[in-house]
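A.B. asks: Encoded as structure tokens, here's the structure I'll be asking about.
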Amino acid sequence: MAGIAVVCLCLWAFLGIAEEAGEAEHRPLEAKILRFMRSADDPGRLAGPAWLGEAARDFSALGGISATGLLTVMVAVYLMASRQRREAVLVIGAVGGGVLLSLVLKGIFQRPRPLVVPYLTEVSDTSFPSGHSLTSAVVYITLGVLLARSSTSWLRRSFFLGTGLLLSGLVGISRVMLGVHYPTDVLAGWTAGLGWALLCWVVAEVFWPVARGSESETETGGPPSVS
């Protein structure tokens, strides 16, 4: 029930952000945020140390289709080899569905990219919601929950979930720093990604209640789930 409540909260938040993003009166504030991140003397450079731009591109790449796709495949192969087929299907379904969700939402809203500051990376599609933010939230939060379910320690569970949230957060912030998204694009991507990841886990709990990290070796026919 708690998971369903959070999914509903994410849906409510996404719809609210989408409504705000469609109102022109908020554009000046978002444009001000984008300009604030750039050097006053050179808008094509981030404010701060020279390495910050490269760091932003590195963090942004963590949410790209290449990085998240490769990570998903590697995790799925490991889970299949460990005879954790339910978890493997869940990971593939959650990530694949998240990518499809991003494409559908971008096609619906068709929000143009911001033209406030020069882009510091290449982009091609529309802006709302941020695909990098959505996909990274799905991938890293899904993996964080998967690892958290394998542990009985609240400290380790908090670490796994916190790491997933941190990685997704860094990806989203980097997209604004690179000038390719408005802040509301990123907020929408985070809420949609979190909601989708949690929805997948709720469905798994309902239909696959035995897919838990605490299964014994005799129950799974192999080693325990990820530990």
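Ordered as shown in the structure tokens, chains take letters A, B, and onward, while each chain numbers its residues from 1 and ligands are numbered from 1 in the order shown.
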At a cut-off of 12 Å, can you tabulate as a tab-separated table every residue of region 105-134 of chain A near region 85-99 of chain A together with its closest atom pair and the distance in Å to one decimal, using only C-alpha atoms and ordering rows by chain then number?
C.D. replies:
```
residue	atom	partner	partner_atom	distance
A:Leu105	CA	A:Val99	CA	10.1
A:Lys106	CA	A:Val99	CA	10.8
A:Pro129	CA	A:Val99	CA	11.7
A:Ser130	CA	A:Val99	CA	11.2
A:Gly131	CA	A:Val99	CA	7.7
A:His132	CA	A:Val99	CA	9.5
A:Ser133	CA	A:Gly98	CA	10.7
A:Leu134	CA	A:Gly98	CA	7.2
```
A.B. asks: Need the shell around Leu143 (chain A): protein/DNA/RNA residues with any atom at most 10 Å away, counting only C-alpha atoms. Skip same-chain ones fewer than 4 positions apart. Format as a ChimeraX atom specification?
C.D. replies: /A:71-72,75,87,91,137-139,147-149,160-161,163-164,197
A.B. asks: From the options A:Thr142, A:Ser151, A:Ser127, A:Thr68, which residue's atoms come nearest to Gly195 (chain A), counting only C-alpha atoms?
C.D. replies: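 The answer is A:Thr142, which sits nearest to Gly195 (chain A).
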A.B. asks: What does the distance from CA of Phe59 (chain A) to CA of Trp190 (chain A) come to in Å, to one decimal?
C.D. replies: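 Spanning CA of Phe59 (chain A) to CA of Trp190 (chain A) is a straight-line distance of 15.2 Å.
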A.B. asks: DSSP on the backbone, alpha helix (DSSP H) only: what residues of region 19-224 of chain A does that give? Format it as a ChimeraX atom specification.
C.D. replies: /A:19-21,27-36,51-61,65-81,85-109,131-148,154-177,183-207,217-220
A.B. asks: Can those selected residues be exported to a file as a compact mmCIF listing (two decimals), in the first residue's frame so that it contains C-alpha atoms?
C.D. replies:
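And here is the file that came out, out_15.txt:
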```txt
# COMPACT_ATOMS: atom_id res chain seq x y z
CA GLU A 19 1.07 22.01 -15.99
CA GLU A 20 3.65 24.45 -14.63
CA ALA A 21 6.04 23.73 -17.51
CA ARG A 27 10.11 30.51 -18.32
CA PRO A 28 11.98 33.65 -17.10
CA LEU A 29 12.77 31.97 -13.77
CA GLU A 30 14.04 28.82 -15.45
CA ALA A 31 16.08 30.89 -17.90
CA LYS A 32 17.59 32.76 -14.96
CA ILE A 33 18.66 29.46 -13.38
CA LEU A 34 20.35 28.38 -16.61
CA ARG A 35 22.21 31.69 -16.93
CA PHE A 36 23.23 31.59 -13.27
CA TRP A 51 36.95 20.80 -14.82
CA LEU A 52 33.28 21.33 -13.94
CA GLY A 53 32.11 21.14 -17.55
CA GLU A 54 33.84 17.80 -18.11
CA ALA A 55 32.42 16.48 -14.84
CA ALA A 56 28.91 17.50 -15.92
CA ARG A 57 29.31 15.61 -19.21
CA ASP A 58 30.60 12.56 -17.33
CA PHE A 59 27.63 12.54 -14.96
CA SER A 60 25.24 13.12 -17.87
CA ALA A 61 26.64 10.06 -19.64
CA ILE A 65 21.18 4.95 -23.41
CA SER A 66 24.65 3.43 -23.90
CA ALA A 67 25.60 3.39 -20.21
CA THR A 68 22.19 2.39 -18.86
CA GLY A 69 21.65 -0.19 -21.61
CA LEU A 70 25.01 -1.85 -21.02
CA LEU A 71 24.49 -1.88 -17.25
CA THR A 72 21.03 -3.36 -17.64
CA VAL A 73 22.28 -6.16 -19.89
CA MET A 74 25.17 -6.99 -17.55
CA VAL A 75 22.90 -7.12 -14.50
CA ALA A 76 20.30 -9.19 -16.33
CA VAL A 77 22.92 -11.70 -17.49
CA TYR A 78 24.27 -12.00 -13.95
CA LEU A 79 20.78 -12.54 -12.54
CA MET A 80 19.99 -15.18 -15.15
CA ALA A 81 23.28 -16.95 -14.45
CA ARG A 85 15.02 -15.19 -13.52
CA ARG A 86 12.19 -13.21 -11.97
CA GLU A 87 14.55 -10.40 -10.98
CA ALA A 88 16.16 -10.47 -14.44
CA VAL A 89 12.79 -10.12 -16.16
CA LEU A 90 11.84 -7.35 -13.74
CA VAL A 91 15.01 -5.36 -14.44
CA ILE A 92 14.67 -5.72 -18.22
CA GLY A 93 10.95 -4.91 -18.14
CA ALA A 94 11.38 -1.89 -15.88
CA VAL A 95 14.20 -0.37 -17.92
CA GLY A 96 12.66 -1.19 -21.30
CA GLY A 97 9.31 0.19 -20.19
CA GLY A 98 11.00 3.30 -18.80
CA VAL A 99 12.67 4.04 -22.14
CA LEU A 100 9.35 3.57 -23.94
CA LEU A 101 7.61 5.79 -21.39
CA SER A 102 10.18 8.54 -22.00
CA LEU A 103 9.63 8.41 -25.77
CA VAL A 104 5.85 8.48 -25.40
CA LEU A 105 5.88 11.44 -23.00
CA LYS A 106 8.29 13.40 -25.20
CA GLY A 107 6.00 12.76 -28.17
CA ILE A 108 2.97 13.97 -26.22
CA PHE A 109 4.40 17.19 -24.79
CA GLY A 131 14.97 11.28 -20.85
CA HIS A 132 18.32 11.03 -19.06
CA SER A 133 16.68 11.86 -15.72
CA LEU A 134 13.80 9.45 -16.27
CA THR A 135 15.94 6.56 -17.44
CA SER A 136 18.58 7.00 -14.75
CA ALA A 137 15.87 7.10 -12.07
CA VAL A 138 14.40 3.85 -13.39
CA VAL A 139 17.75 2.06 -13.73
CA TYR A 140 19.52 3.14 -10.55
CA ILE A 141 16.50 3.08 -8.27
CA THR A 142 15.47 -0.34 -9.61
CA LEU A 143 18.97 -1.69 -8.95
CA GLY A 144 19.04 0.04 -5.56
CA VAL A 145 15.78 -1.65 -4.55
CA LEU A 146 17.05 -4.98 -5.88
CA LEU A 147 20.17 -4.75 -3.72
CA ALA A 148 18.22 -3.43 -0.72
CA TRP A 154 18.66 -1.03 7.43
CA LEU A 155 22.03 0.72 7.05
CA ARG A 156 22.93 -1.21 3.92
CA ARG A 157 19.42 -0.82 2.55
CA SER A 158 19.62 2.91 3.08
CA PHE A 159 23.01 2.98 1.36
CA PHE A 160 21.75 1.09 -1.71
CA LEU A 161 18.64 3.23 -2.08
CA GLY A 162 20.55 6.43 -1.35
CA THR A 163 23.16 5.59 -3.97
CA GLY A 164 20.46 5.04 -6.58
CA LEU A 165 18.86 8.38 -5.75
CA LEU A 166 22.24 10.14 -5.73
CA LEU A 167 23.24 8.85 -9.17
CA SER A 168 19.89 9.82 -10.64
CA GLY A 169 20.16 13.23 -8.99
CA LEU A 170 23.62 13.88 -10.43
CA VAL A 171 22.45 12.94 -13.92
CA GLY A 172 19.48 15.32 -13.75
CA ILE A 173 21.47 18.26 -12.39
CA SER A 174 24.14 17.75 -15.05
CA ARG A 175 21.52 18.08 -17.80
CA VAL A 176 20.56 21.54 -16.54
CA MET A 177 24.22 22.48 -16.19
CA PRO A 183 14.76 22.46 -14.42
CA THR A 184 11.11 21.39 -14.79
CA ASP A 185 12.16 18.87 -17.47
CA VAL A 186 14.45 17.21 -14.96
CA LEU A 187 11.92 17.30 -12.12
CA ALA A 188 9.36 15.65 -14.40
CA GLY A 189 11.89 13.00 -15.44
CA TRP A 190 12.72 12.20 -11.83
CA THR A 191 9.09 11.87 -10.73
CA ALA A 192 8.08 9.80 -13.79
CA GLY A 193 11.11 7.54 -13.43
CA LEU A 194 10.64 7.02 -9.70
CA GLY A 195 6.94 6.34 -10.16
CA TRP A 196 7.56 3.82 -12.93
CA ALA A 197 10.30 2.01 -11.01
CA LEU A 198 8.11 1.70 -7.92
CA LEU A 199 5.12 0.60 -10.01
CA CYS A 200 7.19 -2.23 -11.47
CA TRP A 201 8.20 -3.36 -7.98
CA VAL A 202 4.59 -3.21 -6.74
CA VAL A 203 3.46 -5.36 -9.67
CA ALA A 204 6.31 -7.80 -8.96
CA GLU A 205 5.30 -8.04 -5.30
CA VAL A 206 1.70 -8.83 -6.29
CA PHE A 207 2.36 -11.38 -9.03
CA GLU A 217 19.60 -21.78 -1.98
CA THR A 218 17.23 -24.73 -1.77
CA GLU A 219 14.28 -22.57 -2.82
CA THR A 220 15.98 -21.05 -5.84
```
A.B. asks: Which of these, A:Ala50, A:Tyr182, A:Leu62, A:Met1, has the shortest distance to Ile17 (chain A) once you count only C-alpha atoms?
C.D. replies: A:Tyr182
A.B. asks: Grab the CA of Asp41 (chain A) to CA of Val116 (chain A) distance for me, in Å with one decimal place.
C.D. replies: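 Value for the CA of Asp41 (chain A)-CA of Val116 (chain A) distance: 15.1 Å.
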A.B. asks: Find, counting only C-alpha atoms, the residue in A:Ser153, A:Val180, A:Ser39, A:Arg83 that gets nearest to Ser124 (chain A).
C.D. replies: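 So, comparing all the options, the nearest one is A:Val180.
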A.B. asks: Using CA of Leu115 (chain A) and CA of Gly44 (chain A) as the two end points, give the distance in Å to one decimal.
C.D. replies: 12.3 Å
